[in-house]
$ cat entry_10.cif   # mmCIF, N, CA and C atoms
data_final
loop_
_atom_site.label_atom_id
_atom_site.label_comp_id
_atom_site.auth_asym_id
_atom_site.auth_seq_id
_atom_site.Cartn_x
_atom_site.Cartn_y
_atom_site.Cartn_z
N MET A 18 -165.30 32.61 65.54
CA MET A 18 -163.90 32.67 65.23
C MET A 18 -163.75 32.70 63.71
N GLU A 19 -162.90 33.60 63.23
CA GLU A 19 -162.68 33.78 61.80
C GLU A 19 -161.21 33.57 61.46
N ALA A 20 -160.94 33.05 60.27
CA ALA A 20 -159.58 32.91 59.78
C ALA A 20 -159.12 34.25 59.22
N ALA A 21 -157.92 34.65 59.55
CA ALA A 21 -157.39 35.93 59.07
C ALA A 21 -157.34 35.98 57.55
N SER A 22 -157.06 34.85 56.91
CA SER A 22 -156.96 34.84 55.45
C SER A 22 -158.28 35.16 54.77
N ALA A 23 -159.40 34.98 55.47
CA ALA A 23 -160.71 35.30 54.89
C ALA A 23 -160.89 36.80 54.68
N PHE A 24 -160.06 37.61 55.34
CA PHE A 24 -160.19 39.06 55.25
C PHE A 24 -159.24 39.69 54.22
N ILE A 25 -158.35 38.89 53.66
CA ILE A 25 -157.43 39.40 52.65
C ILE A 25 -158.22 39.72 51.39
N GLY A 26 -158.09 40.95 50.90
CA GLY A 26 -158.77 41.37 49.68
C GLY A 26 -160.10 42.06 49.91
N VAL A 27 -160.60 42.10 51.15
CA VAL A 27 -161.88 42.78 51.38
C VAL A 27 -161.66 44.28 51.40
N ASN A 28 -162.71 45.02 51.12
CA ASN A 28 -162.63 46.48 51.02
C ASN A 28 -162.44 47.15 52.37
N VAL A 29 -161.79 48.29 52.34
CA VAL A 29 -161.63 49.16 53.51
C VAL A 29 -162.43 50.42 53.21
N TYR A 30 -163.37 50.76 54.10
CA TYR A 30 -164.25 51.91 53.92
C TYR A 30 -163.88 53.02 54.90
N CYS A 31 -163.95 54.24 54.41
CA CYS A 31 -163.73 55.41 55.26
C CYS A 31 -164.63 56.52 54.72
N GLY A 32 -165.48 57.05 55.57
CA GLY A 32 -166.39 58.11 55.14
C GLY A 32 -167.38 57.65 54.09
N GLY A 33 -167.76 56.36 54.12
CA GLY A 33 -168.72 55.82 53.17
C GLY A 33 -168.15 55.46 51.81
N LYS A 34 -166.85 55.62 51.63
CA LYS A 34 -166.20 55.32 50.34
C LYS A 34 -165.16 54.22 50.52
N VAL A 35 -164.96 53.44 49.47
CA VAL A 35 -163.91 52.43 49.48
C VAL A 35 -162.58 53.15 49.26
N ILE A 36 -161.65 52.98 50.21
CA ILE A 36 -160.35 53.63 50.07
C ILE A 36 -159.23 52.63 49.79
N GLY A 37 -159.53 51.34 49.90
CA GLY A 37 -158.50 50.35 49.65
C GLY A 37 -158.98 48.95 49.94
N ARG A 38 -158.02 48.04 49.94
CA ARG A 38 -158.27 46.62 50.24
C ARG A 38 -157.23 46.13 51.25
N ILE A 39 -157.64 45.18 52.05
CA ILE A 39 -156.74 44.60 53.05
C ILE A 39 -155.78 43.64 52.35
N THR A 40 -154.48 43.80 52.62
CA THR A 40 -153.48 42.88 52.07
C THR A 40 -152.91 41.95 53.14
N ALA A 41 -153.00 42.38 54.41
CA ALA A 41 -152.50 41.54 55.51
C ALA A 41 -153.06 42.05 56.83
N LEU A 42 -153.20 41.16 57.78
CA LEU A 42 -153.59 41.53 59.14
C LEU A 42 -152.35 41.40 60.01
N MET A 43 -152.01 42.45 60.71
CA MET A 43 -150.83 42.44 61.56
C MET A 43 -151.23 41.92 62.95
N ILE A 44 -150.48 40.98 63.46
CA ILE A 44 -150.81 40.36 64.74
C ILE A 44 -149.88 40.90 65.82
N ASP A 45 -150.46 41.35 66.91
CA ASP A 45 -149.71 41.77 68.09
C ASP A 45 -149.70 40.56 69.02
N PHE A 46 -148.60 39.81 69.01
CA PHE A 46 -148.53 38.58 69.79
C PHE A 46 -148.48 38.86 71.29
N LYS A 47 -147.96 40.00 71.68
CA LYS A 47 -147.91 40.32 73.11
C LYS A 47 -149.30 40.57 73.66
N GLN A 48 -150.13 41.29 72.91
CA GLN A 48 -151.49 41.59 73.35
C GLN A 48 -152.49 40.51 72.93
N LYS A 49 -152.06 39.57 72.08
CA LYS A 49 -152.91 38.48 71.57
C LYS A 49 -154.12 39.05 70.82
N GLU A 50 -153.85 39.97 69.88
CA GLU A 50 -154.92 40.57 69.11
C GLU A 50 -154.40 41.08 67.77
N ILE A 51 -155.33 41.45 66.90
CA ILE A 51 -154.96 42.06 65.64
C ILE A 51 -154.48 43.47 65.95
N GLY A 52 -153.27 43.80 65.51
CA GLY A 52 -152.70 45.11 65.81
C GLY A 52 -153.01 46.16 64.76
N GLY A 53 -153.42 45.71 63.58
CA GLY A 53 -153.74 46.65 62.53
C GLY A 53 -153.91 45.96 61.19
N LEU A 54 -154.19 46.77 60.19
CA LEU A 54 -154.42 46.26 58.84
C LEU A 54 -153.39 46.84 57.88
N ALA A 55 -152.77 46.01 57.09
CA ALA A 55 -151.94 46.47 55.99
C ALA A 55 -152.85 46.52 54.77
N CYS A 56 -152.84 47.65 54.07
CA CYS A 56 -153.78 47.86 52.98
C CYS A 56 -153.08 48.43 51.75
N VAL A 57 -153.78 48.38 50.64
CA VAL A 57 -153.34 49.02 49.41
C VAL A 57 -154.52 49.84 48.89
N SER A 58 -154.24 51.05 48.43
CA SER A 58 -155.31 51.92 47.96
C SER A 58 -155.87 51.41 46.63
N THR A 59 -157.13 51.72 46.38
CA THR A 59 -157.77 51.35 45.12
C THR A 59 -158.13 52.59 44.32
N ASN A 60 -157.73 53.76 44.82
CA ASN A 60 -158.05 55.02 44.16
C ASN A 60 -156.82 55.58 43.47
N GLY A 61 -157.02 56.19 42.32
CA GLY A 61 -155.93 56.86 41.64
C GLY A 61 -155.12 55.93 40.76
N LEU A 62 -154.20 56.51 40.07
CA LEU A 62 -153.36 55.77 39.13
C LEU A 62 -152.32 54.92 39.84
N PHE A 63 -151.72 55.49 40.90
CA PHE A 63 -150.68 54.77 41.63
C PHE A 63 -151.28 54.15 42.89
N ARG A 64 -150.96 52.90 43.13
CA ARG A 64 -151.43 52.20 44.32
C ARG A 64 -150.47 52.45 45.46
N ARG A 65 -150.94 53.05 46.52
CA ARG A 65 -150.07 53.27 47.67
C ARG A 65 -150.45 52.29 48.77
N ARG A 66 -149.46 51.90 49.52
CA ARG A 66 -149.69 51.00 50.65
C ARG A 66 -149.84 51.84 51.90
N PHE A 67 -150.74 51.43 52.78
CA PHE A 67 -150.92 52.14 54.04
C PHE A 67 -151.31 51.17 55.13
N PHE A 68 -151.16 51.62 56.36
CA PHE A 68 -151.39 50.80 57.53
C PHE A 68 -152.42 51.48 58.42
N VAL A 69 -153.41 50.73 58.89
CA VAL A 69 -154.43 51.25 59.80
C VAL A 69 -154.25 50.56 61.15
N LYS A 70 -154.01 51.35 62.19
CA LYS A 70 -153.84 50.79 63.54
C LYS A 70 -155.18 50.29 64.07
N LYS A 71 -155.11 49.36 65.00
CA LYS A 71 -156.31 48.74 65.58
C LYS A 71 -157.28 49.77 66.14
N GLU A 72 -156.78 50.79 66.79
CA GLU A 72 -157.66 51.77 67.43
C GLU A 72 -158.47 52.59 66.42
N HIS A 73 -158.11 52.52 65.14
CA HIS A 73 -158.85 53.26 64.11
C HIS A 73 -159.81 52.37 63.32
N ILE A 74 -159.91 51.10 63.70
CA ILE A 74 -160.85 50.18 63.06
C ILE A 74 -162.17 50.26 63.82
N LEU A 75 -163.21 50.72 63.15
CA LEU A 75 -164.52 50.87 63.79
C LEU A 75 -165.33 49.58 63.75
N HIS A 76 -165.26 48.86 62.63
CA HIS A 76 -166.03 47.64 62.44
C HIS A 76 -165.32 46.79 61.39
N MET A 77 -165.39 45.47 61.57
CA MET A 77 -164.76 44.58 60.60
C MET A 77 -165.56 43.31 60.49
N ASP A 78 -165.90 42.92 59.26
CA ASP A 78 -166.51 41.62 58.99
C ASP A 78 -166.07 41.19 57.59
N ARG A 79 -166.62 40.09 57.09
CA ARG A 79 -166.17 39.56 55.80
C ARG A 79 -166.56 40.44 54.61
N HIS A 80 -167.39 41.43 54.85
CA HIS A 80 -167.79 42.35 53.78
C HIS A 80 -166.85 43.54 53.70
N GLY A 81 -166.08 43.78 54.73
CA GLY A 81 -165.14 44.88 54.71
C GLY A 81 -164.82 45.40 56.09
N ALA A 82 -163.91 46.37 56.12
CA ALA A 82 -163.52 47.02 57.36
C ALA A 82 -163.87 48.49 57.25
N VAL A 83 -164.50 49.01 58.29
CA VAL A 83 -164.83 50.43 58.35
C VAL A 83 -163.82 51.07 59.30
N VAL A 84 -163.12 52.08 58.81
CA VAL A 84 -162.09 52.74 59.61
C VAL A 84 -162.44 54.22 59.75
N GLU A 85 -161.98 54.81 60.85
CA GLU A 85 -162.23 56.23 61.04
C GLU A 85 -161.19 57.04 60.27
N LYS A 86 -161.57 58.25 59.90
CA LYS A 86 -160.69 59.09 59.11
C LYS A 86 -159.58 59.65 60.00
N HIS A 87 -158.36 59.44 59.59
CA HIS A 87 -157.19 59.97 60.26
C HIS A 87 -156.01 59.82 59.30
N PRO A 88 -154.90 60.44 59.57
CA PRO A 88 -153.74 60.25 58.69
C PRO A 88 -153.18 58.84 58.86
N PHE A 89 -153.32 58.01 57.83
CA PHE A 89 -152.84 56.63 57.90
C PHE A 89 -151.32 56.61 57.75
N ALA A 90 -150.70 55.65 58.39
CA ALA A 90 -149.26 55.46 58.19
C ALA A 90 -149.07 54.89 56.79
N GLU A 91 -148.27 55.54 55.99
CA GLU A 91 -148.09 55.10 54.60
C GLU A 91 -146.74 54.44 54.39
N GLU A 92 -146.69 53.69 53.31
CA GLU A 92 -145.47 53.02 52.89
C GLU A 92 -144.82 52.26 54.03
N TYR A 93 -145.61 51.37 54.63
CA TYR A 93 -145.13 50.60 55.76
C TYR A 93 -144.09 49.57 55.36
N GLY A 94 -144.03 49.24 54.08
CA GLY A 94 -143.07 48.23 53.61
C GLY A 94 -143.36 46.88 54.22
N ARG A 95 -142.33 46.17 54.64
CA ARG A 95 -142.49 44.86 55.25
C ARG A 95 -142.04 44.86 56.70
N ILE A 96 -141.83 46.01 57.28
CA ILE A 96 -141.32 46.07 58.65
C ILE A 96 -142.34 45.49 59.62
N GLY A 97 -141.93 44.52 60.37
CA GLY A 97 -142.80 43.92 61.39
C GLY A 97 -143.88 43.02 60.83
N ALA A 98 -143.83 42.71 59.56
CA ALA A 98 -144.87 41.88 58.96
C ALA A 98 -144.25 40.61 58.40
N ALA A 99 -144.11 39.61 59.22
CA ALA A 99 -143.56 38.33 58.78
C ALA A 99 -144.70 37.35 58.60
N LYS A 100 -144.86 36.83 57.39
CA LYS A 100 -145.95 35.90 57.13
C LYS A 100 -145.66 34.52 57.72
N GLU A 101 -144.42 34.12 57.68
CA GLU A 101 -144.09 32.82 58.23
C GLU A 101 -142.62 32.81 58.63
N ALA A 102 -142.27 31.87 59.44
CA ALA A 102 -140.88 31.73 59.86
C ALA A 102 -140.37 30.37 59.44
N ASP A 103 -139.19 30.31 58.86
CA ASP A 103 -138.62 29.05 58.40
C ASP A 103 -137.72 28.46 59.48
N PHE A 104 -138.32 27.82 60.43
CA PHE A 104 -137.58 27.17 61.49
C PHE A 104 -137.92 25.69 61.47
N VAL A 105 -137.14 24.91 62.21
CA VAL A 105 -137.35 23.46 62.26
C VAL A 105 -138.76 23.13 62.73
N PHE A 106 -139.30 23.91 63.65
CA PHE A 106 -140.59 23.59 64.24
C PHE A 106 -141.77 24.03 63.38
N GLY A 107 -141.54 24.84 62.38
CA GLY A 107 -142.62 25.25 61.50
C GLY A 107 -142.90 26.73 61.58
N GLY A 108 -143.93 27.16 60.89
CA GLY A 108 -144.32 28.56 60.87
C GLY A 108 -145.80 28.71 61.13
N VAL A 109 -146.23 29.94 61.29
CA VAL A 109 -147.65 30.21 61.50
C VAL A 109 -148.34 30.12 60.14
N GLY A 110 -149.28 29.20 60.02
CA GLY A 110 -150.00 29.02 58.77
C GLY A 110 -151.24 29.87 58.67
N GLU A 111 -151.93 30.03 59.76
CA GLU A 111 -153.17 30.80 59.79
C GLU A 111 -153.39 31.32 61.20
N ALA A 112 -154.03 32.47 61.28
CA ALA A 112 -154.39 33.04 62.58
C ALA A 112 -155.91 33.12 62.64
N TYR A 113 -156.49 32.78 63.76
CA TYR A 113 -157.93 32.82 63.95
C TYR A 113 -158.25 33.83 65.04
N PHE A 114 -159.22 34.70 64.78
CA PHE A 114 -159.53 35.77 65.72
C PHE A 114 -161.02 36.07 65.71
N ASP A 115 -161.46 36.81 66.72
CA ASP A 115 -162.84 37.27 66.83
C ASP A 115 -162.91 38.64 66.17
N PRO A 116 -163.64 38.79 65.05
CA PRO A 116 -163.66 40.07 64.34
C PRO A 116 -164.34 41.20 65.10
N THR A 117 -165.15 40.89 66.10
CA THR A 117 -165.81 41.96 66.86
C THR A 117 -164.85 42.59 67.88
N THR A 118 -163.97 41.79 68.47
CA THR A 118 -163.03 42.30 69.47
C THR A 118 -161.60 42.40 68.93
N LEU A 119 -161.33 41.76 67.79
CA LEU A 119 -160.01 41.65 67.17
C LEU A 119 -159.02 40.87 68.02
N LYS A 120 -159.52 40.11 68.99
CA LYS A 120 -158.66 39.30 69.86
C LYS A 120 -158.27 38.01 69.15
N LEU A 121 -156.98 37.70 69.20
CA LEU A 121 -156.45 36.47 68.64
C LEU A 121 -156.92 35.29 69.49
N GLN A 122 -157.41 34.22 68.84
CA GLN A 122 -157.89 33.08 69.59
C GLN A 122 -157.00 31.85 69.44
N SER A 123 -156.49 31.63 68.22
CA SER A 123 -155.60 30.50 68.01
C SER A 123 -154.82 30.68 66.72
N VAL A 124 -153.79 29.87 66.54
CA VAL A 124 -153.01 29.86 65.31
C VAL A 124 -152.80 28.42 64.88
N SER A 125 -152.68 28.22 63.56
CA SER A 125 -152.31 26.90 63.07
C SER A 125 -150.83 26.91 62.73
N ILE A 126 -150.17 25.81 63.00
CA ILE A 126 -148.73 25.69 62.79
C ILE A 126 -148.49 24.76 61.61
N LYS A 127 -147.75 25.27 60.61
CA LYS A 127 -147.41 24.42 59.47
C LYS A 127 -145.95 23.99 59.58
N ARG A 128 -145.74 22.74 59.18
CA ARG A 128 -144.40 22.16 59.29
C ARG A 128 -143.82 21.77 57.94
N GLY A 129 -144.53 22.06 56.88
CA GLY A 129 -144.09 21.66 55.55
C GLY A 129 -145.19 20.88 54.86
N LEU A 130 -145.15 20.83 53.56
CA LEU A 130 -146.22 20.22 52.77
C LEU A 130 -146.45 18.76 53.13
N LEU A 131 -145.40 17.96 53.14
CA LEU A 131 -145.56 16.53 53.40
C LEU A 131 -146.06 16.27 54.82
N ASP A 132 -145.46 16.92 55.81
CA ASP A 132 -145.90 16.73 57.19
C ASP A 132 -147.34 17.20 57.39
N ASP A 133 -147.71 18.31 56.75
CA ASP A 133 -149.08 18.81 56.86
C ASP A 133 -150.07 17.82 56.25
N LEU A 134 -149.70 17.21 55.12
CA LEU A 134 -150.59 16.22 54.48
C LEU A 134 -150.71 14.96 55.30
N LEU A 135 -149.60 14.49 55.87
CA LEU A 135 -149.61 13.24 56.62
C LEU A 135 -150.22 13.39 58.02
N TYR A 136 -149.87 14.46 58.71
CA TYR A 136 -150.25 14.60 60.12
C TYR A 136 -151.24 15.72 60.39
N GLY A 137 -151.46 16.59 59.41
CA GLY A 137 -152.33 17.74 59.63
C GLY A 137 -151.59 18.84 60.38
N ARG A 138 -152.25 19.96 60.50
CA ARG A 138 -151.63 21.09 61.20
C ARG A 138 -152.10 21.13 62.65
N ASP A 139 -151.20 21.56 63.53
CA ASP A 139 -151.57 21.77 64.93
C ASP A 139 -152.28 23.10 65.06
N ILE A 140 -153.37 23.13 65.83
CA ILE A 140 -154.04 24.37 66.18
C ILE A 140 -153.68 24.65 67.63
N VAL A 141 -153.07 25.83 67.87
CA VAL A 141 -152.58 26.18 69.20
C VAL A 141 -153.36 27.37 69.72
N ASP A 142 -153.82 27.28 70.96
CA ASP A 142 -154.54 28.37 71.60
C ASP A 142 -153.63 29.60 71.72
N ALA A 143 -154.18 30.78 71.54
CA ALA A 143 -153.40 32.01 71.57
C ALA A 143 -152.70 32.24 72.90
N ASP A 144 -153.25 31.71 73.99
CA ASP A 144 -152.60 31.86 75.29
C ASP A 144 -151.27 31.13 75.36
N ASN A 145 -151.06 30.18 74.46
CA ASN A 145 -149.82 29.40 74.45
C ASN A 145 -148.83 29.88 73.39
N VAL A 146 -149.07 31.06 72.82
CA VAL A 146 -148.20 31.60 71.77
C VAL A 146 -147.60 32.90 72.26
N SER A 147 -146.29 33.05 72.05
CA SER A 147 -145.63 34.31 72.38
C SER A 147 -144.59 34.61 71.30
N LEU A 148 -144.05 35.81 71.33
CA LEU A 148 -143.08 36.24 70.34
C LEU A 148 -141.81 36.65 71.05
N SER A 149 -140.68 36.12 70.59
CA SER A 149 -139.40 36.46 71.21
C SER A 149 -138.93 37.82 70.70
N ASP A 150 -137.88 38.34 71.33
CA ASP A 150 -137.29 39.62 70.89
C ASP A 150 -136.70 39.52 69.49
N GLN A 151 -136.34 38.32 69.07
CA GLN A 151 -135.79 38.13 67.73
C GLN A 151 -136.86 37.89 66.67
N GLY A 152 -138.13 37.96 67.04
CA GLY A 152 -139.22 37.77 66.09
C GLY A 152 -139.60 36.32 65.85
N VAL A 153 -139.17 35.43 66.73
CA VAL A 153 -139.50 34.01 66.61
C VAL A 153 -140.78 33.73 67.40
N VAL A 154 -141.73 33.06 66.74
CA VAL A 154 -142.97 32.67 67.41
C VAL A 154 -142.67 31.45 68.28
N ILE A 155 -143.02 31.54 69.54
CA ILE A 155 -142.72 30.45 70.49
C ILE A 155 -144.05 29.82 70.91
N ILE A 156 -144.13 28.49 70.77
CA ILE A 156 -145.31 27.74 71.21
C ILE A 156 -144.99 27.20 72.60
N ASN A 157 -145.74 27.65 73.59
CA ASN A 157 -145.52 27.24 74.97
C ASN A 157 -146.34 26.00 75.27
N ARG A 158 -145.71 24.84 75.19
CA ARG A 158 -146.39 23.58 75.45
C ARG A 158 -145.72 22.88 76.61
N GLU A 159 -146.52 22.14 77.34
CA GLU A 159 -145.96 21.39 78.47
C GLU A 159 -146.11 19.93 78.22
#

$ encode --input "entry_10.cif" --output "structure tokens"
Amino acid sequence: MEAASAFIGVNVYCGGKVIGRITALMIDFKQKEIGGLACVSTNGLFRRRFFVKKEHILHMDRHGAVVEKHPFAEEYGRIGAAKEADFVFGGVGEAYFDPTTLKLQSVSIKRGLLDDLLYGRDIVDADNVSLSDQGVVIINRE
């Protein structure tokens, strides 16, 4: 199991060349897996942002991600990429996944600096996490 934050800043390779760096991992909460990579190019004068869908990721580890050549979705902006949610119950602090299958395994829930220091963060199994139509992460606990 790997922390998603460990992959931020690693190189993205295509055709044996570095084409960019990972800036964020997009989580598909319905499928419980990494849905794609948000990246920024490292080539040229202007840095462009692009998105690589999961089906185009050939291999991923802490040394980088190898992607197949295809037209990447560019200028994804911030649509569908929420790093955290400011609700009473807290936000997603970290996502843990298997880099070989890209399946989400668990998430840590942060409730604020003081609560995190006093009580620590909850680690919730991915089977108990879902996403509402309004984009709210729901922790299914009994």

$ resolve_selection --input "entry_10.cif" --expression "the PyMOL selection byres (((chain A and resi 46 and name CA) around 8) and name CA)" --output "VMD selection string"
chain A and resid 44 to 45 47 to 50 146 to 148

$ residues_near_point --input "entry_10.cif" --point "(-159.6, 37.5, 61.3)" --cutoff "8 Å" --atoms "all atoms listed in the file" --output "PyMOL selection string"
chain A and resi 18-25+42+51+112-116+119-120

$ residues_around --input "entry_10.cif" --residues "Leu75 in chain A" --least-positions-apart "4" --cutoff "6 Å" --atoms "all atoms listed in the file" --output "ChimeraX atom specification"
/A:83-85

$ resolve_selection --input "entry_10.cif" --expression "the PyMOL selection byres ((chain A and resi 29) around 7)" --output "count of residues only"
15

$ atom_distance --input "entry_10.cif" --atom1 "CA of Met77 in chain A" --atom2 "atom N of Leu54 in chain A"
10.8 Å

$ atom_distance --input "entry_10.cif" --atom1 "atom N of His76 in chain A" --atom2 "atom N of Gly32 in chain A"
10.8 Å

$ atom_distance --input "entry_10.cif" --atom1 "atom N of Phe67 in chain A" --atom2 "atom C of Gly52 in chain A"
13.3 Å

$ axis_aligned_box --input "entry_10.cif" --around "range 74-77 of chain A" --padding-each-side "3 Å" --output "JSON"
{"center_x": -163.0, "center_y": 47.2, "center_z": 62.2, "size_x": 12.1, "size_y": 13.8, "size_z": 9.3}

$ closest_residue --input "entry_10.cif" --among "A:Ile126, A:Ile140, A:Leu121, A:Ala41" --to "Arg66 in chain A" --atoms "only C-alpha atoms"
A:Ala41

$ residues_near_point --input "entry_10.cif" --point "(-150.8, 21.7, 61.4)" --cutoff "8 Å" --atoms "only C-alpha atoms" --output "PyMOL selection string"
chain A and resi 110+125-128+133+136-140

$ write_last_selection --input "entry_10.cif" --atoms "N, CA and C atoms" --output "short mmCIF file (atom, residue, chain, number, x, y, z; two decimals), keeping the file's coordinate frame"
data_model
loop_
_atom_site.label_atom_id
_atom_site.label_comp_id
_atom_site.auth_asym_id
_atom_site.auth_seq_id
_atom_site.Cartn_x
_atom_site.Cartn_y
_atom_site.Cartn_z
N GLY A 110 -149.28 29.20 60.02
CA GLY A 110 -150.00 29.02 58.77
C GLY A 110 -151.24 29.87 58.67
N SER A 125 -152.68 28.22 63.56
CA SER A 125 -152.31 26.90 63.07
C SER A 125 -150.83 26.91 62.73
N ILE A 126 -150.17 25.81 63.00
CA ILE A 126 -148.73 25.69 62.79
C ILE A 126 -148.49 24.76 61.61
N LYS A 127 -147.75 25.27 60.61
CA LYS A 127 -147.41 24.42 59.47
C LYS A 127 -145.95 23.99 59.58
N ARG A 128 -145.74 22.74 59.18
CA ARG A 128 -144.40 22.16 59.29
C ARG A 128 -143.82 21.77 57.94
N ASP A 133 -147.71 18.31 56.75
CA ASP A 133 -149.08 18.81 56.86
C ASP A 133 -150.07 17.82 56.25
N TYR A 136 -149.87 14.46 58.71
CA TYR A 136 -150.25 14.60 60.12
C TYR A 136 -151.24 15.72 60.39
N GLY A 137 -151.46 16.59 59.41
CA GLY A 137 -152.33 17.74 59.63
C GLY A 137 -151.59 18.84 60.38
N ARG A 138 -152.25 19.96 60.50
CA ARG A 138 -151.63 21.09 61.20
C ARG A 138 -152.10 21.13 62.65
N ASP A 139 -151.20 21.56 63.53
CA ASP A 139 -151.57 21.77 64.93
C ASP A 139 -152.28 23.10 65.06
N ILE A 140 -153.37 23.13 65.83
CA ILE A 140 -154.04 24.37 66.18
C ILE A 140 -153.68 24.65 67.63
#

$ closest_residue --input "entry_10.cif" --among "A:Gln122, A:Leu135, A:Thr40, A:Glu111" --to "Arg65 in chain A" --atoms "only C-alpha atoms"
A:Thr40
